[in-house]
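> Would you mind keeping the following structure in view while I ask a few things?
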Amino acid sequence: MISIEGLSVEFGGNPLFDDITYVINKKDRIALVGKNGAGKSTMLKIIAGLQQPTSGVVSIPKDLTIGYLPQQMQISDTRTVIKEAEQAFSHIFELQSRIDRMNRELAERTDYDTQDYHDLIERVTDANEQLTMIGAANYQAEVEKTLIGLGFVREDFDRPTSEFSGGWRMRIELAKLLLQRPDVLLLDEPTNHLDIESIQWLENFLATRANAVVLVSHDRAFIDAVTTRTIEISLGHIYDYKVNYSKYVQLRAERLEQQQRAFENQQKQIQDTEAFIERFRYKATKAVQVQSRIKQLEKIDRIEVDEVDTSHLNLKFPPAPRSGDFPVIAQGVGKTYGSHVVFANADFTIRRGEKVAFVGKNGEGKSTLVKCIMGEIDYDGVLKIGHNVKIGYFAQNQAQLLDENLTVFDTIDRVAVGDIRTKIRDILGAFMFGGEASEKKVKVLSGGEKTRLAMIRLLLEPVNLLILDEPTNHLDMKTKDILKQAIKDFNGTVIVVSHDREFLDGLVDKVYEFGNKKIREHLGGIYDFLQRKKLDTLQDLDRNNSGLKTTQNISEEKEESSSRLSYEERKEFQRQIKRLERAVADSEKKVEQIESEIHSIEEKLASPEGASDTSLYEKHGALKKSLDELMESWAEQSEQLEKMRLQDL
């Protein structure tokens with residue numbers, strides 16, 4: 001659909017892209033990955049037509065529609081949430097308005113026998129048929145379903161959008177994009193504005209209902225669930241693999257290893273050949289062999305090893321000064337705004353050295369409690385901060401608080417005090433702002449670079465309680481891994497507010513769940529918590545806490561329902577269960593078969609011959625797509641079967 005040919009981009013004489021060529025196909029699910037500053041957001045802007053390349057061509061068919069969600073945007077509107085989301089269907093409103101005008105004209109005219117009158121009737125008929133075809137009758141249901149999926153509740157629908165924070169207004173923009181169903185969706189860090197529940201909904205939507213998707217995200221679990229193709233931008237070049245990100249990392253490492261082995265073998269062959277030529281160059285009896293070796297040397301197709309970006313963040317938190325045994329103790333803590341209760345009666349104790357996570361839906365009070373601990377807002381109850389506790393705080397909007405007109409160096413120089421000022425350049429170098437990069441203005445930095453710069457403040461003085469509110473937003477995956485290891489190695493206490501499941505896994509040993517105006521403590525890691533809640537995701541936290549009927553009520557309803565069924569109805573009901581059981585079993589066999597085929601192809605792709613066979617990638621992508629569709633069908637069948645079995649109890 002979209003063809004990118006010979007794309008090059010330069011900033012101030014420095015190349016960002018160098019002669020990049022690839023194609024975005026129909027139904028592609030592409031993860032665009034790379035380090036912060038590699039050019040991912042720039043690539044999306046070029047495809048969206050918002051930025052021009054230095055050279056090269058982006059060919060887009062005339063009737064192709066593109067939807068683009070940037071990392072940040074200035075939003076100004078005066079509508080309610082529902083009316084703003086309905087703007088996605090402005091074409092329906094325009095068509096309905098045209099039909100109304102034509103109907104009024106028909107009612108006013110009396111020249112019933114003229115050709116012009118009959119042509120008008122035909123135009124009205126065609127317009128009505130078009131209105132039916134595009135699903136005009138269902139658009140309101142689609143709007144409501146999408147808004148609820150992205151975390152809004154029905155009470156929000158008639159509120160002015162001006163009452164919502166920037167993150168929630170970005171969700172409205174995302175809802176409008178999804179509702180428009182463009183041919184190509186360009187999404188730049190969409191999960192930064194979502195909680196885990198909404199991320200799971202978006203995963204399912206993109207995987208099952210969207211057309212082509214090009215996605216920039218540093219949430220590994222999210223892109224693995226959504227994408228089937230990975231394009232990495234590194235040092236101005238791209239590496240394109242028709243697999244999801246986790247598989248790409250494995251295949252890319254194997255390919256680099258194979259390249260290195262092949263390069264070393266070839267270099268040995270070249271050295272041996274050159275040594276032979278040099279040894280026998282002046283011996284007449286070896287003249288033929290020497291000339292043969294010279295020609296052989298000229299014909300060798302030199303192997304090049306892909307250039308690898310080896311720059312990386314060096315992050316280590318200073319040793320924590322010793323604090324009291326209990327850095328944070330909450331007794332009956334609550335927070336209200338007028339009549340609105342955010343949370344109430346929170347009782348918990350965080351011990352020295354613990355690493356804990358705050359999780360739950362947006363708006364349930366995670367950041368609010370952090371502000372209470374920081375002493376930034378008033379609260380009810382008793383909140384004790386332990387002896388000698390020194391807090392290092394990374395706020396959710398920390399990167400946005402930077403002065404964009406300062407340079408990187410001046411940003412740190414203005415807050416550094418004492419001896420640390422002599423080490424500013426060393427610290428900047430450790431955070432990949434060495435040399436000329438330290439003189440860049442903050443306003444030209446990428447989102448991830450701004451986050452790195454904001455994080456340097458945490459290193460300027462030793463602390464023993466780290467509070468990190470969504471620290472991984474905008475960070476690339478390698479930097480996230482380095483940050484995670486640095487937090488693991490930190491010998492102080494840590495509170496992490498995050499929706500990133502992969503980041504929290506193996507990092508925290510206690511989870512505080514926010515929901516229904518309460519805060520509940522769960523011992524163990526994030527996946528221990530999910531398993532104990534019998535959830536694959538956090539999407540049902542709120543529903544489980546408030547919306548489920550008691551087991552006794554369910555049993556009574558089943559018994560009453562069962563007694564109403566006649567003998568013939570029960571026989572038919574049993575036949576339906578049997579049919580579903582066979583369908584589920586057949587689907588499971590097909591899943592095993594396709595997974596076996598995929599495994600076989602992936603083994604071939606791991607070999608040098610297979611890695612260069614494009615047909616294998618195409619077959620792998622087709623099989624993955626078939627597997628996704630089959631798994632979706634199997635899930636629906638299994639869910640239906642489970643419901644029928646419950647009814648039969």
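Residues in the structure tokens are numbered from 1 in each chain, the chains being A, B, ... in the order shown, and ligands are numbered from 1 in the order shown.
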I want to know what sits within 10 Å of range 429-434 of chain A, based on only C-alpha atoms, with residues of the same chain fewer than 5 positions away left out; could you give that as a PDB file with C-alpha atoms, in the first residue's frame?

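Written output follows (selection_17.pdb):
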ATOM      1  CA  SER A 311      26.125   3.083  23.028  1.00  0.00           C
ATOM      2  CA  HIS A 312      24.253   2.374  26.223  1.00  0.00           C
ATOM      3  CA  LEU A 313      23.130   3.987  29.432  1.00  0.00           C
ATOM      4  CA  ASN A 314      25.328   3.575  32.510  1.00  0.00           C
ATOM      5  CA  LEU A 315      22.884   3.875  35.371  1.00  0.00           C
ATOM      6  CA  LYS A 316      23.616   3.122  38.996  1.00  0.00           C
ATOM      7  CA  VAL A 408      21.218  19.638  28.242  1.00  0.00           C
ATOM      8  CA  PHE A 409      24.292  20.793  30.194  1.00  0.00           C
ATOM      9  CA  LYS A 423      31.229  15.632  37.505  1.00  0.00           C
ATOM     10  CA  ILE A 424      28.349  16.913  35.351  1.00  0.00           C
ATOM     11  CA  GLU A 439      24.924  21.331  24.009  1.00  0.00           C
ATOM     12  CA  LYS A 440      21.611  20.321  22.410  1.00  0.00           C
ATOM     13  CA  GLU A 449      15.957  11.577  25.783  1.00  0.00           C
ATOM     14  CA  ARG A 452      16.720  10.266  30.596  1.00  0.00           C
ATOM     15  CA  LEU A 453      17.658  13.887  31.266  1.00  0.00           C
ATOM     16  CA  MET A 455      16.164  11.047  35.589  1.00  0.00           C
ATOM     17  CA  ILE A 456      19.675  12.458  36.088  1.00  0.00           C
ATOM     18  CA  THR A 479      17.112   1.565  28.505  1.00  0.00           C
TER      19      THR A 479
END
> What parts of range 219-356 of chain A does DSSP call alpha helix (DSSP H)? I'd like the answer as a ChimeraX atom specification.
/A:220-226,245-280,287-299
> With only C-alpha atoms as the basis for distance, which of A:Ala225, A:Leu468, A:Val496, A:Ala454 is at the shortest distance from Asp628 in chain A?
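Closest to Asp628 in chain A, using only C-alpha atoms: A:Ala225.
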> Let me make sure I understand: among A:Gly418, A:Pro319, A:Gly56, A:Gly67, which one has the smallest atom-to-atom distance to Val213 in chain A if we use only C-alpha atoms?
A:Gly67
> What are the nearest atom pairs, with distances in Å to one decimal, for all residues of range 190-292 of chain A that come at most 6 Å from range 23-43 of chain A, using only C-alpha atoms, set out by chain and rising residue number as CSV?

residue,atom,partner,partner_atom,distance
A:Asn211,CA,A:Lys27,CA,5.0
A:Ala212,CA,A:Lys27,CA,4.2
A:Val213,CA,A:Arg29,CA,4.9
A:Val214,CA,A:Ile30,CA,4.7
A:Leu215,CA,A:Ala31,CA,5.0
A:Val216,CA,A:Leu32,CA,5.1
A:Thr227,CA,A:Arg29,CA,4.5
A:Thr228,CA,A:Arg29,CA,5.4
A:Arg229,CA,A:Ile30,CA,4.7
A:Thr230,CA,A:Ala31,CA,4.8
A:Ile231,CA,A:Leu32,CA,5.0
A:Glu232,CA,A:Val33,CA,4.7
A:Ile233,CA,A:Gly34,CA,5.1
> Could you list, as an MDAnalysis selection string, every residue within 9 Å of Phe157 in chain A, counting only C-alpha atoms and ignoring same-chain residues fewer than 6 positions away?
chainID A and resid 80:83 144 147
> Selected residues, all heavy atoms, written as a PDB file, in the first residue's frame, please.

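Generated output (again.pdb):
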ATOM      1  N   THR A  80     -18.542  17.919  24.427  1.00  0.00           N
ATOM      2  CA  THR A  80     -18.524  16.884  25.457  1.00  0.00           C
ATOM      3  C   THR A  80     -17.719  15.698  24.936  1.00  0.00           C
ATOM      4  O   THR A  80     -17.398  15.627  23.733  1.00  0.00           O
ATOM      5  CB  THR A  80     -19.946  16.420  25.792  1.00  0.00           C
ATOM      6  OG1 THR A  80     -20.525  15.845  24.613  1.00  0.00           O
ATOM      7  CG2 THR A  80     -20.804  17.575  26.292  1.00  0.00           C
ATOM      8  N   VAL A  81     -17.427  14.761  25.825  1.00  0.00           N
ATOM      9  CA  VAL A  81     -16.644  13.580  25.436  1.00  0.00           C
ATOM     10  C   VAL A  81     -17.332  12.829  24.295  1.00  0.00           C
ATOM     11  O   VAL A  81     -16.712  12.496  23.282  1.00  0.00           O
ATOM     12  CB  VAL A  81     -16.447  12.644  26.651  1.00  0.00           C
ATOM     13  CG1 VAL A  81     -15.850  11.309  26.216  1.00  0.00           C
ATOM     14  CG2 VAL A  81     -15.548  13.296  27.683  1.00  0.00           C
ATOM     15  N   ILE A  82     -18.632  12.560  24.438  1.00  0.00           N
ATOM     16  CA  ILE A  82     -19.344  11.765  23.429  1.00  0.00           C
ATOM     17  C   ILE A  82     -19.428  12.515  22.107  1.00  0.00           C
ATOM     18  O   ILE A  82     -19.259  11.926  21.025  1.00  0.00           O
ATOM     19  CB  ILE A  82     -20.756  11.367  23.939  1.00  0.00           C
ATOM     20  CG1 ILE A  82     -21.383  10.313  23.038  1.00  0.00           C
ATOM     21  CG2 ILE A  82     -21.662  12.565  24.094  1.00  0.00           C
ATOM     22  CD1 ILE A  82     -20.907   8.932  23.284  1.00  0.00           C
ATOM     23  N   LYS A  83     -19.675  13.841  22.161  1.00  0.00           N
ATOM     24  CA  LYS A  83     -19.800  14.622  20.922  1.00  0.00           C
ATOM     25  C   LYS A  83     -18.450  14.727  20.216  1.00  0.00           C
ATOM     26  O   LYS A  83     -18.383  14.704  18.987  1.00  0.00           O
ATOM     27  CB  LYS A  83     -20.345  16.027  21.226  1.00  0.00           C
ATOM     28  CG  LYS A  83     -21.800  16.043  21.687  1.00  0.00           C
ATOM     29  CD  LYS A  83     -22.724  15.510  20.610  1.00  0.00           C
ATOM     30  CE  LYS A  83     -24.178  15.541  21.036  1.00  0.00           C
ATOM     31  NZ  LYS A  83     -25.071  14.898  20.044  1.00  0.00           N
ATOM     32  N   GLU A 144     -19.712   4.372  22.030  1.00  0.00           N
ATOM     33  CA  GLU A 144     -19.792   4.042  23.452  1.00  0.00           C
ATOM     34  C   GLU A 144     -18.872   2.874  23.802  1.00  0.00           C
ATOM     35  O   GLU A 144     -18.165   2.894  24.812  1.00  0.00           O
ATOM     36  CB  GLU A 144     -21.244   3.709  23.823  1.00  0.00           C
ATOM     37  CG  GLU A 144     -22.162   4.925  23.768  1.00  0.00           C
ATOM     38  CD  GLU A 144     -23.573   4.602  24.224  1.00  0.00           C
ATOM     39  OE1 GLU A 144     -23.791   3.472  24.725  1.00  0.00           O
ATOM     40  OE2 GLU A 144     -24.455   5.473  24.081  1.00  0.00           O
ATOM     41  N   LEU A 147     -15.173   4.102  23.771  1.00  0.00           N
ATOM     42  CA  LEU A 147     -14.851   4.958  24.917  1.00  0.00           C
ATOM     43  C   LEU A 147     -14.753   4.139  26.203  1.00  0.00           C
ATOM     44  O   LEU A 147     -13.834   4.337  27.009  1.00  0.00           O
ATOM     45  CB  LEU A 147     -15.909   6.054  25.070  1.00  0.00           C
ATOM     46  CG  LEU A 147     -15.875   7.187  24.039  1.00  0.00           C
ATOM     47  CD1 LEU A 147     -17.066   8.114  24.228  1.00  0.00           C
ATOM     48  CD2 LEU A 147     -14.573   7.977  24.124  1.00  0.00           C
TER      49      LEU A 147
END
> Within 9 Å of range 179-198 of chain A, which residues of range 71-167 of chain A come that close, and what is the closest atom pair and distance in Å for each? Count only C-alpha atoms and give it as a Markdown table.

| residue | atom | partner | partner_atom | distance |
| --- | --- | --- | --- | --- |
| A:Gln71 | CA | A:Asp188 | CA | 5.3 |
| A:Gln72 | CA | A:Asp188 | CA | 8.9 |
| A:Ala85 | CA | A:Leu179 | CA | 8.3 |
| A:Glu86 | CA | A:Leu179 | CA | 8.6 |
| A:Ala88 | CA | A:Gln180 | CA | 5.4 |
| A:Phe89 | CA | A:Gln180 | CA | 7.0 |
| A:Tyr139 | CA | A:Leu179 | CA | 8.7 |
| A:Glu142 | CA | A:Leu179 | CA | 7.4 |
| A:Val143 | CA | A:Leu179 | CA | 7.1 |
| A:Thr146 | CA | A:Leu179 | CA | 7.6 |
| A:Ile148 | CA | A:Ser198 | CA | 8.8 |
| A:Gly149 | CA | A:Ser198 | CA | 6.1 |
| A:Leu150 | CA | A:Ser198 | CA | 4.9 |
| A:Gly151 | CA | A:Ser198 | CA | 5.8 |
| A:Gly166 | CA | A:His193 | CA | 8.7 |
| A:Gly167 | CA | A:His193 | CA | 5.0 |
> Given only C-alpha atoms as the basis, pick out the residue of A:Leu627, A:Leu641, A:Ile487, A:Met477 nearest to Glu502 in chain A.
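Ranking A:Leu627, A:Leu641, A:Ile487, A:Met477 by distance to Glu502 in chain A, first place goes to A:Met477.
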> Which value, in Å to one decimal, gives the distance between CA of Pro70 in chain A and CA of Thr368 in chain A?
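Between these atoms lies a distance of 26.8 Å.
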> Neighbours of range 614-620 of chain A within 10 Å (only C-alpha atoms; same-chain residues fewer than 3 positions away dropped), as a ChimeraX atom specification?
/A:228-229,241-243,597-602,604-605,610-611,623-626
> I'd like the neighbourhood of Arg520 in chain A as JSON, numbers by chain, where a residue qualifies if any of its atoms comes within 10 Å (using only C-alpha atoms), though same-chain residues fewer than 3 positions away should be ignored.
{"A": [346, 347, 348, 358, 511, 512, 513, 514, 515]}
> Which residue is closest to Glu642 in chain A? Choose from A:Ala262, A:Val584, A:Leu69, A:Leu630 and count only C-alpha atoms.
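Among A:Ala262, A:Val584, A:Leu69, A:Leu630, it is A:Val584 that comes nearest to Glu642 in chain A.
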> Work out how far CA of Asn397 in chain A is from CA of Ala486 in chain A, in Å to one decimal.
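It comes out at 21.2 Å.
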> Which value, in Å to one decimal, gives the distance between CA of Thr273 in chain A and CA of Leu297 in chain A?
7.3 Å
> Can you tell me which residues surround Lys517 in chain A at a distance of at most 7 Å, considering only C-alpha atoms, apart from same-chain residues fewer than 2 positions away, and format the answer as a list in words?
Val341, Val342, Phe343, Ala344, Glu364 and Gly515 of chain A
> Skip Asn14 in chain A itself and residues of its chain fewer than 4 positions away, then list as a list in words all residues within 12 Å of it, counting only C-alpha atoms.
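Contacts, with the query itself left out: Ser8, Val9, Glu10, Asp18, Thr54, Leu235, Gly236 and Glu436 of chain A.
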> Generate a file of the selected residues that holds N, CA, C and O atoms, formatted as an mmCIF file, in the first residue's frame.

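selection-v5.cif, written as the output of this step:
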data_model
loop_
_atom_site.group_PDB
_atom_site.id
_atom_site.type_symbol
_atom_site.label_atom_id
_atom_site.label_comp_id
_atom_site.auth_asym_id
_atom_site.auth_seq_id
_atom_site.Cartn_x
_atom_site.Cartn_y
_atom_site.Cartn_z
ATOM 1 N N SER A 8 16.022 9.400 2.965
ATOM 2 C CA SER A 8 17.156 9.932 3.727
ATOM 3 C C SER A 8 16.716 11.203 4.439
ATOM 4 O O SER A 8 15.962 12.004 3.890
ATOM 5 N N VAL A 9 17.197 11.370 5.667
ATOM 6 C CA VAL A 9 16.879 12.562 6.456
ATOM 7 C C VAL A 9 18.144 13.016 7.157
ATOM 8 O O VAL A 9 18.871 12.210 7.743
ATOM 9 N N GLU A 10 18.411 14.312 7.092
ATOM 10 C CA GLU A 10 19.567 14.879 7.790
ATOM 11 C C GLU A 10 19.110 16.020 8.685
ATOM 12 O O GLU A 10 18.226 16.791 8.320
ATOM 13 N N ASP A 18 19.453 6.806 6.154
ATOM 14 C CA ASP A 18 20.347 6.761 5.005
ATOM 15 C C ASP A 18 19.828 5.742 3.984
ATOM 16 O O ASP A 18 20.016 4.538 4.146
ATOM 17 N N THR A 54 14.805 14.581 3.534
ATOM 18 C CA THR A 54 15.841 15.283 2.769
ATOM 19 C C THR A 54 15.846 14.787 1.330
ATOM 20 O O THR A 54 15.991 15.561 0.388
ATOM 21 N N LEU A 235 21.269 3.388 13.639
ATOM 22 C CA LEU A 235 22.372 4.078 12.952
ATOM 23 C C LEU A 235 22.017 4.408 11.503
ATOM 24 O O LEU A 235 22.831 4.263 10.594
ATOM 25 N N GLY A 236 20.795 4.839 11.274
ATOM 26 C CA GLY A 236 20.378 5.289 9.949
ATOM 27 C C GLY A 236 19.879 4.203 9.024
ATOM 28 O O GLY A 236 19.403 4.495 7.926
ATOM 29 N N GLU A 436 29.049 16.733 21.892
ATOM 30 C CA GLU A 436 28.154 17.766 21.358
ATOM 31 C C GLU A 436 26.718 17.604 21.851
ATOM 32 O O GLU A 436 25.961 18.580 21.904
#
> Just the strand (DSSP E or B) stuff from range 410-627 of chain A, please, per backbone DSSP, written as number ranges by chain.
A: 441, 465-469, 493-497, 510-515, 518-523
